[in-house]
file start14.pdb (PDB, C-alpha atoms and all ligand atoms)
ATOM      1  CA  MET A   1     -22.367  11.178  10.587  1.00  0.00           C
ATOM      2  CA  THR A   2     -21.973  10.576   6.871  1.00  0.00           C
ATOM      3  CA  ALA A   3     -18.806   9.218   5.268  1.00  0.00           C
ATOM      4  CA  ALA A   4     -18.240  11.877   2.634  1.00  0.00           C
ATOM      5  CA  GLY A   5     -18.399  15.231   4.331  1.00  0.00           C
ATOM      6  CA  GLY A   6     -20.527  15.908   7.340  1.00  0.00           C
ATOM      7  CA  LEU A   7     -18.066  14.385   9.811  1.00  0.00           C
ATOM      8  CA  ALA A   8     -18.057  16.217  13.094  1.00  0.00           C
ATOM      9  CA  ASP A   9     -14.338  16.966  12.937  1.00  0.00           C
ATOM     10  CA  GLY A  10     -13.585  17.089   9.274  1.00  0.00           C
ATOM     11  CA  ALA A  11     -14.669  16.594   5.730  1.00  0.00           C
ATOM     12  CA  ILE A  12     -13.608  13.946   3.283  1.00  0.00           C
ATOM     13  CA  LYS A  13     -13.606  14.737  -0.380  1.00  0.00           C
ATOM     14  CA  PRO A  14     -13.977  11.518  -2.400  1.00  0.00           C
ATOM     15  CA  LEU A  15     -11.130  10.938  -4.861  1.00  0.00           C
ATOM     16  CA  TYR A  16     -11.478   7.288  -5.937  1.00  0.00           C
ATOM     17  CA  SER A  17     -14.787   5.454  -5.667  1.00  0.00           C
ATOM     18  CA  GLU A  18     -15.273   1.866  -4.584  1.00  0.00           C
ATOM     19  CA  GLU A  19     -16.005   0.935  -8.207  1.00  0.00           C
ATOM     20  CA  ALA A  20     -12.930   2.762  -9.555  1.00  0.00           C
ATOM     21  CA  ILE A  21     -10.726   1.030  -6.981  1.00  0.00           C
ATOM     22  CA  ALA A  22     -12.138  -2.426  -7.815  1.00  0.00           C
ATOM     23  CA  LEU A  23     -11.469  -1.869 -11.507  1.00  0.00           C
ATOM     24  CA  ARG A  24      -7.941  -0.625 -10.917  1.00  0.00           C
ATOM     25  CA  VAL A  25      -7.094  -3.458  -8.512  1.00  0.00           C
ATOM     26  CA  ASP A  26      -8.170  -5.956 -11.159  1.00  0.00           C
ATOM     27  CA  GLN A  27      -5.971  -4.234 -13.753  1.00  0.00           C
ATOM     28  CA  LEU A  28      -3.016  -4.291 -11.356  1.00  0.00           C
ATOM     29  CA  ALA A  29      -3.534  -8.026 -10.814  1.00  0.00           C
ATOM     30  CA  SER A  30      -3.614  -8.498 -14.572  1.00  0.00           C
ATOM     31  CA  ASP A  31      -0.342  -6.540 -14.925  1.00  0.00           C
ATOM     32  CA  ILE A  32       1.291  -8.606 -12.178  1.00  0.00           C
ATOM     33  CA  ALA A  33       0.037 -11.863 -13.739  1.00  0.00           C
ATOM     34  CA  ALA A  34       1.513 -10.787 -17.084  1.00  0.00           C
ATOM     35  CA  ARG A  35       4.982 -10.830 -15.506  1.00  0.00           C
ATOM     36  CA  ARG A  36       4.677 -14.615 -15.084  1.00  0.00           C
ATOM     37  CA  LEU A  37       6.366 -14.655 -11.684  1.00  0.00           C
ATOM     38  CA  ASP A  38       6.637 -18.213 -10.442  1.00  0.00           C
ATOM     39  CA  ASP A  39       6.767 -19.054  -6.731  1.00  0.00           C
ATOM     40  CA  LEU A  40       5.150 -15.702  -5.944  1.00  0.00           C
ATOM     41  CA  MET A  41       5.139 -14.268  -2.440  1.00  0.00           C
ATOM     42  CA  VAL A  42       3.083 -11.156  -1.756  1.00  0.00           C
ATOM     43  CA  VAL A  43       4.374  -9.140   1.201  1.00  0.00           C
ATOM     44  CA  ALA A  44       1.900  -6.565   2.473  1.00  0.00           C
ATOM     45  CA  VAL A  45       3.150  -3.608   4.499  1.00  0.00           C
ATOM     46  CA  LEU A  46       0.979  -3.195   7.600  1.00  0.00           C
ATOM     47  CA  LYS A  47      -1.197  -1.599   8.547  1.00  0.00           C
ATOM     48  CA  GLY A  48      -2.326   0.667   5.728  1.00  0.00           C
ATOM     49  CA  SER A  49      -2.246  -1.889   2.907  1.00  0.00           C
ATOM     50  CA  PHE A  50      -4.347  -4.619   4.533  1.00  0.00           C
ATOM     51  CA  ILE A  51      -7.543  -3.961   2.594  1.00  0.00           C
ATOM     52  CA  PHE A  52      -5.741  -3.348  -0.693  1.00  0.00           C
ATOM     53  CA  ALA A  53      -3.683  -6.533  -0.231  1.00  0.00           C
ATOM     54  CA  ALA A  54      -6.807  -8.565   0.590  1.00  0.00           C
ATOM     55  CA  ASP A  55      -8.504  -7.416  -2.607  1.00  0.00           C
ATOM     56  CA  LEU A  56      -5.336  -7.721  -4.694  1.00  0.00           C
ATOM     57  CA  ILE A  57      -4.563 -11.341  -3.765  1.00  0.00           C
ATOM     58  CA  ARG A  58      -8.135 -12.354  -4.583  1.00  0.00           C
ATOM     59  CA  ALA A  59      -7.819 -10.542  -7.918  1.00  0.00           C
ATOM     60  CA  LEU A  60      -4.533 -12.405  -8.473  1.00  0.00           C
ATOM     61  CA  HIS A  61      -6.419 -15.641  -7.838  1.00  0.00           C
ATOM     62  CA  ARG A  62      -8.968 -14.657 -10.485  1.00  0.00           C
ATOM     63  CA  HIS A  63      -6.049 -14.125 -12.862  1.00  0.00           C
ATOM     64  CA  GLY A  64      -4.813 -17.661 -12.207  1.00  0.00           C
ATOM     65  CA  LEU A  65      -2.069 -17.002  -9.643  1.00  0.00           C
ATOM     66  CA  GLU A  66      -1.522 -18.807  -6.353  1.00  0.00           C
ATOM     67  CA  PRO A  67       0.445 -16.286  -4.289  1.00  0.00           C
ATOM     68  CA  GLU A  68       1.511 -16.895  -0.721  1.00  0.00           C
ATOM     69  CA  ILE A  69       1.080 -13.909   1.575  1.00  0.00           C
ATOM     70  CA  ASP A  70       3.154 -12.585   4.447  1.00  0.00           C
ATOM     71  CA  PHE A  71       3.354  -9.249   6.230  1.00  0.00           C
ATOM     72  CA  VAL A  72       5.886  -6.721   7.400  1.00  0.00           C
ATOM     73  CA  TYR A  73       4.830  -4.092   9.856  1.00  0.00           C
ATOM     74  CA  LEU A  74       6.799  -0.930   9.296  1.00  0.00           C
ATOM     75  CA  ALA A  75       6.411   2.448  10.935  1.00  0.00           C
ATOM     76  CA  SER A  76       7.492   5.472   8.969  1.00  0.00           C
ATOM     77  CA  TYR A  77       5.374   8.124  10.505  1.00  0.00           C
ATOM     78  CA  ASP A  78       3.923   8.620  13.936  1.00  0.00           C
ATOM     79  CA  GLY A  79       0.257   9.032  13.083  1.00  0.00           C
ATOM     80  CA  LYS A  80       0.728  12.618  12.079  1.00  0.00           C
ATOM     81  CA  ARG A  81       0.362  13.733   8.508  1.00  0.00           C
ATOM     82  CA  VAL A  82       4.052  14.065   7.734  1.00  0.00           C
ATOM     83  CA  SER A  83       6.520  11.249   7.254  1.00  0.00           C
ATOM     84  CA  ARG A  84       9.302  11.334   9.875  1.00  0.00           C
ATOM     85  CA  GLY A  85      12.053  10.068   7.685  1.00  0.00           C
ATOM     86  CA  GLU A  86      13.045   7.078   9.767  1.00  0.00           C
ATOM     87  CA  VAL A  87      11.630   3.597   9.126  1.00  0.00           C
ATOM     88  CA  ARG A  88      11.380   0.972  11.881  1.00  0.00           C
ATOM     89  CA  VAL A  89      10.567  -2.733  11.598  1.00  0.00           C
ATOM     90  CA  LEU A  90       7.807  -3.607  14.041  1.00  0.00           C
ATOM     91  CA  ARG A  91       7.368  -7.089  12.527  1.00  0.00           C
ATOM     92  CA  ASP A  92       9.468  -8.880   9.915  1.00  0.00           C
ATOM     93  CA  VAL A  93       8.267 -11.588   7.483  1.00  0.00           C
ATOM     94  CA  GLU A  94       8.011 -15.110   8.916  1.00  0.00           C
ATOM     95  CA  SER A  95       8.497 -16.917   5.634  1.00  0.00           C
ATOM     96  CA  ASP A  96      11.791 -17.897   4.097  1.00  0.00           C
ATOM     97  CA  ILE A  97      11.922 -15.698   1.038  1.00  0.00           C
ATOM     98  CA  LYS A  98      15.228 -17.004  -0.333  1.00  0.00           C
ATOM     99  CA  GLY A  99      14.986 -17.433  -4.081  1.00  0.00           C
ATOM    100  CA  ARG A 100      11.366 -16.267  -4.199  1.00  0.00           C
ATOM    101  CA  ASN A 101       9.733 -13.712  -6.436  1.00  0.00           C
ATOM    102  CA  VAL A 102       8.349 -11.103  -4.075  1.00  0.00           C
ATOM    103  CA  VAL A 103       5.813  -8.366  -4.717  1.00  0.00           C
ATOM    104  CA  ILE A 104       5.666  -5.838  -1.883  1.00  0.00           C
ATOM    105  CA  VAL A 105       2.261  -4.218  -1.524  1.00  0.00           C
ATOM    106  CA  ASP A 106       1.852  -0.848   0.159  1.00  0.00           C
ATOM    107  CA  ASP A 107      -0.911   1.696   0.366  1.00  0.00           C
ATOM    108  CA  ILE A 108       0.841   4.959  -0.441  1.00  0.00           C
ATOM    109  CA  PHE A 109       4.104   5.973  -2.035  1.00  0.00           C
ATOM    110  CA  ASP A 110       4.906   9.321  -0.451  1.00  0.00           C
ATOM    111  CA  SER A 111       8.555  10.153   0.247  1.00  0.00           C
ATOM    112  CA  GLY A 112       9.346   6.614  -0.925  1.00  0.00           C
ATOM    113  CA  ARG A 113      11.393   5.769   2.173  1.00  0.00           C
ATOM    114  CA  THR A 114       9.107   2.991   3.423  1.00  0.00           C
ATOM    115  CA  LEU A 115       9.055   1.091   0.159  1.00  0.00           C
ATOM    116  CA  ALA A 116      12.788   1.565  -0.446  1.00  0.00           C
ATOM    117  CA  PHE A 117      13.423   0.239   3.062  1.00  0.00           C
ATOM    118  CA  ALA A 118      11.078  -2.739   2.564  1.00  0.00           C
ATOM    119  CA  LYS A 119      12.677  -3.549  -0.776  1.00  0.00           C
ATOM    120  CA  ALA A 120      16.178  -3.539   0.744  1.00  0.00           C
ATOM    121  CA  LEU A 121      14.978  -5.645   3.695  1.00  0.00           C
ATOM    122  CA  LEU A 122      13.553  -8.360   1.448  1.00  0.00           C
ATOM    123  CA  ALA A 123      16.482  -8.272  -0.944  1.00  0.00           C
ATOM    124  CA  GLU A 124      18.745  -8.840   2.083  1.00  0.00           C
ATOM    125  CA  GLY A 125      16.564 -11.842   2.927  1.00  0.00           C
ATOM    126  CA  GLY A 126      17.690 -13.406  -0.351  1.00  0.00           C
ATOM    127  CA  ALA A 127      14.642 -12.891  -2.569  1.00  0.00           C
ATOM    128  CA  ARG A 128      15.291 -13.625  -6.247  1.00  0.00           C
ATOM    129  CA  GLN A 129      13.426 -10.532  -7.367  1.00  0.00           C
ATOM    130  CA  VAL A 130      11.612  -7.856  -5.386  1.00  0.00           C
ATOM    131  CA  LEU A 131       8.916  -5.880  -7.186  1.00  0.00           C
ATOM    132  CA  THR A 132       6.790  -3.178  -5.602  1.00  0.00           C
ATOM    133  CA  CYS A 133       3.118  -2.316  -5.945  1.00  0.00           C
ATOM    134  CA  VAL A 134       1.398   0.734  -4.471  1.00  0.00           C
ATOM    135  CA  LEU A 135      -2.204   1.751  -4.699  1.00  0.00           C
ATOM    136  CA  VAL A 136      -1.627   5.493  -4.447  1.00  0.00           C
ATOM    137  CA  ASP A 137       1.407   7.314  -5.775  1.00  0.00           C
ATOM    138  CA  LYS A 138       1.529  10.811  -4.317  1.00  0.00           C
ATOM    139  CA  GLN A 139       3.015  13.377  -6.653  1.00  0.00           C
ATOM    140  CA  VAL A 140       5.654  14.788  -4.299  1.00  0.00           C
ATOM    141  CA  LYS A 141       9.395  15.281  -4.262  1.00  0.00           C
ATOM    142  CA  ARG A 142      10.969  11.915  -3.361  1.00  0.00           C
ATOM    143  CA  ALA A 143      13.518  11.120  -0.715  1.00  0.00           C
ATOM    144  CA  SER A 144      14.205   7.786  -2.392  1.00  0.00           C
ATOM    145  CA  ALA A 145      15.468   6.656  -5.758  1.00  0.00           C
ATOM    146  CA  ILE A 146      13.079   3.761  -6.284  1.00  0.00           C
ATOM    147  CA  THR A 147      10.027   3.828  -8.526  1.00  0.00           C
ATOM    148  CA  PRO A 148       7.175   1.388  -7.843  1.00  0.00           C
ATOM    149  CA  ASP A 149       6.756  -1.307 -10.501  1.00  0.00           C
ATOM    150  CA  PHE A 150       2.950  -1.250 -10.282  1.00  0.00           C
ATOM    151  CA  ILE A 151       0.930   1.880  -9.461  1.00  0.00           C
ATOM    152  CA  GLY A 152      -2.814   2.126  -8.905  1.00  0.00           C
ATOM    153  CA  PHE A 153      -3.499   5.852  -8.903  1.00  0.00           C
ATOM    154  CA  SER A 154      -1.328   8.961  -9.105  1.00  0.00           C
ATOM    155  CA  CYS A 155      -2.761  11.529  -6.750  1.00  0.00           C
ATOM    156  CA  PRO A 156      -2.032  15.143  -5.858  1.00  0.00           C
ATOM    157  CA  PRO A 157      -0.006  15.863  -2.683  1.00  0.00           C
ATOM    158  CA  VAL A 158      -2.946  15.776  -0.291  1.00  0.00           C
ATOM    159  CA  PHE A 159      -3.612  13.651   2.802  1.00  0.00           C
ATOM    160  CA  VAL A 160      -5.789  10.683   1.875  1.00  0.00           C
ATOM    161  CA  VAL A 161      -7.800   8.255   4.002  1.00  0.00           C
ATOM    162  CA  GLY A 162     -10.070   5.285   3.477  1.00  0.00           C
ATOM    163  CA  TYR A 163      -9.700   1.786   1.997  1.00  0.00           C
ATOM    164  CA  GLY A 164      -7.315   0.879   4.829  1.00  0.00           C
ATOM    165  CA  MET A 165      -5.626   4.267   5.139  1.00  0.00           C
ATOM    166  CA  ASP A 166      -5.985   6.169   8.349  1.00  0.00           C
ATOM    167  CA  LEU A 167      -5.452   9.187  10.500  1.00  0.00           C
ATOM    168  CA  HIS A 168      -4.917   8.046  14.101  1.00  0.00           C
ATOM    169  CA  ASN A 169      -6.416   4.670  13.086  1.00  0.00           C
ATOM    170  CA  ARG A 170      -9.645   6.269  11.916  1.00  0.00           C
ATOM    171  CA  TYR A 171     -11.252   6.148   8.470  1.00  0.00           C
ATOM    172  CA  ARG A 172      -9.723   2.785   7.476  1.00  0.00           C
ATOM    173  CA  GLU A 173     -13.197   1.298   7.054  1.00  0.00           C
ATOM    174  CA  LEU A 174     -14.292   3.686   4.309  1.00  0.00           C
ATOM    175  CA  PRO A 175     -14.799   1.735   1.071  1.00  0.00           C
ATOM    176  CA  PHE A 176     -13.549   4.673  -1.033  1.00  0.00           C
ATOM    177  CA  ILE A 177     -10.413   6.841  -0.922  1.00  0.00           C
ATOM    178  CA  GLY A 178     -10.844  10.496  -0.099  1.00  0.00           C
ATOM    179  CA  GLU A 179      -8.901  13.596   0.776  1.00  0.00           C
ATOM    180  CA  LEU A 180      -9.100  14.668   4.393  1.00  0.00           C
ATOM    181  CA  THR A 181      -9.673  18.358   3.962  1.00  0.00           C
ATOM    182  CA  ALA A 182     -10.165  19.587   7.513  1.00  0.00           C
ATOM    183  CA  SER A 183      -7.541  19.719  10.239  1.00  0.00           C
ATOM    184  CA  ASP A 184      -7.764  17.380  13.214  1.00  0.00           C
TER     185      ASP A 184
HETATM  186  P1  LIG A 201       6.806   7.225   2.751  1.00  0.00           P
HETATM  187  O1  LIG A 201       7.801   6.400   3.489  1.00  0.00           O
HETATM  188  O2  LIG A 201       6.657   6.873   1.287  1.00  0.00           O
HETATM  189  O3  LIG A 201       7.014   8.704   2.959  1.00  0.00           O
HETATM  190  O4  LIG A 201       5.455   7.015   3.479  1.00  0.00           O
HETATM  191  C1  LIG A 201       4.639   6.013   3.171  1.00  0.00           C
HETATM  192  C2  LIG A 201       3.712   5.736   4.335  1.00  0.00           C
HETATM  193  O5  LIG A 201       3.279   6.941   5.009  1.00  0.00           O
HETATM  194  C3  LIG A 201       2.469   5.119   3.760  1.00  0.00           C
HETATM  195  O6  LIG A 201       2.598   3.725   3.683  1.00  0.00           O
HETATM  196  C4  LIG A 201       1.419   5.561   4.741  1.00  0.00           C
HETATM  197  O7  LIG A 201       1.380   4.667   5.820  1.00  0.00           O
HETATM  198  C5  LIG A 201       1.898   6.915   5.241  1.00  0.00           C
HETATM  199  N1  LIG A 201       1.279   8.000   4.474  1.00  0.00           N
HETATM  200  C6  LIG A 201       1.883   8.820   3.595  1.00  0.00           C
HETATM  201  N2  LIG A 201       1.008   9.671   3.051  1.00  0.00           N
HETATM  202  C7  LIG A 201      -0.194   9.378   3.592  1.00  0.00           C
HETATM  203  C8  LIG A 201      -1.527   9.889   3.391  1.00  0.00           C
HETATM  204  O8  LIG A 201      -1.810  10.795   2.603  1.00  0.00           O
HETATM  205  N3  LIG A 201      -2.521   9.309   4.119  1.00  0.00           N
HETATM  206  C9  LIG A 201      -2.289   8.296   5.002  1.00  0.00           C
HETATM  207  N4  LIG A 201      -3.330   7.804   5.646  1.00  0.00           N
HETATM  208  N5  LIG A 201      -1.056   7.777   5.204  1.00  0.00           N
HETATM  209  C10 LIG A 201      -0.026   8.315   4.504  1.00  0.00           C
HETATM  210 MG    MG A 202       1.901   2.453   5.207  1.00  0.00          MG
END

call {"tool": "encode", "arguments": {"input": "start14.pdb", "output": "structure tokens", "more": "lines below"}}
Ligand code: 5GP
Ligand code: MG
result
Amino acid sequence: MTAAGGLADGAIKPLYSEEAIALRVDQLASDIAARRLDDLMVVAVLKGSFIFAADLIRALHRHGLEPEIDFVYLASYDGKRVSRGEVRVLRDVESDIKGRNVVIVDDIFDSGRTLAFAKALLAEGGARQVLTCVLVDKQVKRASAITPDFIGFSCPPVFVVGYGMDLHNRYRELPFIGELTASD
């Protein structure tokens, strides 16, 4: 079974290579560093952003930042390919974020509901400023008014997997991002 194509139950068309992702993540870290956010807390939205967040915080370190990291676990879709519209908190942040500069990190900006929800949640927690960073911005009609502050890639409205992103918890381990072209 090969990663790109040749899977028994589907084919994955590569969209962003490992090298392209590494370059873009470094640029995002540089953009975040340029904002000179003191007392920075990175909040990664589980599960899809865990690989992106791991690479991003190490890139932030290379750019001279010392972010703390915490996680929220939100569910906005039920493992199918379409967002359900309702967001649930499966795990909230542990840290006190009062007065902190927060950058929320998520894998994909689709309808926008998840990130809008996360932003409101952390603002309610008393953060000084809540910025948002997504690796993939899907070019679709939004159900939310927010625009991410930092965007890795703008991609067509297709279903993507890899680099932490899944279908039924599969494909997260792929080092690249690809379009899942076959139905499951
Ligand atoms: P939103 O709330 O913006 O509609 O949905 C965002 C969440 O839905 C993402 O964080 C991700 O978990 C999931 N999602 C949306 N589109 C895709 C996709 O193309 N592939 C995967 N694997 N997850 C997606
Ligand atoms: Mg997600």

call {"tool": "residues_near_ligand", "arguments": {"input": "start14.pdb", "ligand": "ligand MG 202 (chain A)", "cutoff": "8 Å", "atoms": "only C-alpha atoms and all ligand atoms", "output": "PyMOL selection string"}}
result
chain A and resi 45-49+74-76+106-108+114+165

call {"tool": "resolve_selection", "arguments": {"input": "start14.pdb", "expression": "the PyMOL selection byres (((chain A and resi 152) around 9) and not hetatm)", "output": "mmCIF file with C-alpha atoms, in the frame of the given file"}}
result
data_model
loop_
_atom_site.group_PDB
_atom_site.id
_atom_site.type_symbol
_atom_site.label_atom_id
_atom_site.label_comp_id
_atom_site.auth_asym_id
_atom_site.auth_seq_id
_atom_site.Cartn_x
_atom_site.Cartn_y
_atom_site.Cartn_z
ATOM 1 C CA ILE A 21 -10.726 1.030 -6.981
ATOM 2 C CA ARG A 24 -7.941 -0.625 -10.917
ATOM 3 C CA VAL A 25 -7.094 -3.458 -8.512
ATOM 4 C CA GLN A 27 -5.971 -4.234 -13.753
ATOM 5 C CA LEU A 28 -3.016 -4.291 -11.356
ATOM 6 C CA CYS A 133 3.118 -2.316 -5.945
ATOM 7 C CA VAL A 134 1.398 0.734 -4.471
ATOM 8 C CA LEU A 135 -2.204 1.751 -4.699
ATOM 9 C CA VAL A 136 -1.627 5.493 -4.447
ATOM 10 C CA ASP A 137 1.407 7.314 -5.775
ATOM 11 C CA PHE A 150 2.950 -1.250 -10.282
ATOM 12 C CA ILE A 151 0.930 1.880 -9.461
ATOM 13 C CA PHE A 153 -3.499 5.852 -8.903
ATOM 14 C CA SER A 154 -1.328 8.961 -9.105
#

call {"tool": "resolve_selection", "arguments": {"input": "start14.pdb", "expression": "the PyMOL selection byres (((chain A and resi 29-39) around 10) and not hetatm)", "output": "VMD selection string"}}
result
chain A and resid 24 to 28 40 to 41 55 to 68 97 99 to 103 129 131 133 149 to 150

call {"tool": "write_last_selection", "arguments": {"input": "start14.pdb", "atoms": "C-alpha atoms", "output": "compact mmCIF listing (two decimals), in the coordinates of the input"}}
result
# COMPACT_ATOMS: atom_id res chain seq x y z
CA ARG A 24 -7.94 -0.62 -10.92
CA VAL A 25 -7.09 -3.46 -8.51
CA ASP A 26 -8.17 -5.96 -11.16
CA GLN A 27 -5.97 -4.23 -13.75
CA LEU A 28 -3.02 -4.29 -11.36
CA LEU A 40 5.15 -15.70 -5.94
CA MET A 41 5.14 -14.27 -2.44
CA ASP A 55 -8.50 -7.42 -2.61
CA LEU A 56 -5.34 -7.72 -4.69
CA ILE A 57 -4.56 -11.34 -3.76
CA ARG A 58 -8.14 -12.35 -4.58
CA ALA A 59 -7.82 -10.54 -7.92
CA LEU A 60 -4.53 -12.40 -8.47
CA HIS A 61 -6.42 -15.64 -7.84
CA ARG A 62 -8.97 -14.66 -10.48
CA HIS A 63 -6.05 -14.12 -12.86
CA GLY A 64 -4.81 -17.66 -12.21
CA LEU A 65 -2.07 -17.00 -9.64
CA GLU A 66 -1.52 -18.81 -6.35
CA PRO A 67 0.44 -16.29 -4.29
CA GLU A 68 1.51 -16.90 -0.72
CA ILE A 97 11.92 -15.70 1.04
CA GLY A 99 14.99 -17.43 -4.08
CA ARG A 100 11.37 -16.27 -4.20
CA ASN A 101 9.73 -13.71 -6.44
CA VAL A 102 8.35 -11.10 -4.08
CA VAL A 103 5.81 -8.37 -4.72
CA GLN A 129 13.43 -10.53 -7.37
CA LEU A 131 8.92 -5.88 -7.19
CA CYS A 133 3.12 -2.32 -5.94
CA ASP A 149 6.76 -1.31 -10.50
CA PHE A 150 2.95 -1.25 -10.28

call {"tool": "axis_aligned_box", "arguments": {"input": "start14.pdb", "around": "ligand LIG 201 (chain A)", "padding_each_side": "6 Å", "output": "lines of an AutoDock Vina configuration file"}}
result
center_x = 2.2
center_y = 7.3
center_z = 3.6
size_x = 23.1
size_y = 19.1
size_z = 16.5

call {"tool": "atom_distance", "arguments": {"input": "start14.pdb", "atom1": "CA of Ala116 (chain A)", "atom2": "atom C6 of ligand LIG 201 (chain A)"}}
result
13.7 Å

call {"tool": "resolve_selection", "arguments": {"input": "start14.pdb", "expression": "the PyMOL selection byres (((chain A and resi 159) around 7) and not hetatm)", "output": "list in words"}}
result
Arg81, Pro157, Val158, Val160, Val161, Glu179 and Leu180 of chain A

call {"tool": "closest_residue", "arguments": {"input": "start14.pdb", "among": "A:Leu15, A:Ala123, A:Ala143, A:Val89", "to": "Ser111 (chain A)", "atoms": "all atoms listed in the file"}}
result
A:Ala143

call {"tool": "atom_distance", "arguments": {"input": "start14.pdb", "atom1": "atom N1 of ligand LIG 201 (chain A)", "atom2": "CA of Phe109 (chain A)"}}
result
7.4 Å

call {"tool": "atom_distance", "arguments": {"input": "start14.pdb", "atom1": "atom C9 of ligand LIG 201 (chain A)", "atom2": "CA of Pro175 (chain A)"}}
result
14.7 Å

call {"tool": "residues_around", "arguments": {"input": "start14.pdb", "residues": "Phe176 (chain A)", "least_positions_apart": "4", "cutoff": "8 Å", "atoms": "all atoms listed in the file", "output": "list of chain:residue names"}}
result
A:Pro14, A:Leu15, A:Tyr16, A:Ser17, A:Glu18, A:Ile21, A:Gly162, A:Tyr163

call {"tool": "closest_residue", "arguments": {"input": "start14.pdb", "among": "A:Leu121, A:Ile177, A:Leu115, A:Ala22", "to": "ligand LIG 201 (chain A)", "atoms": "all atoms listed in the file"}}
result
A:Leu115
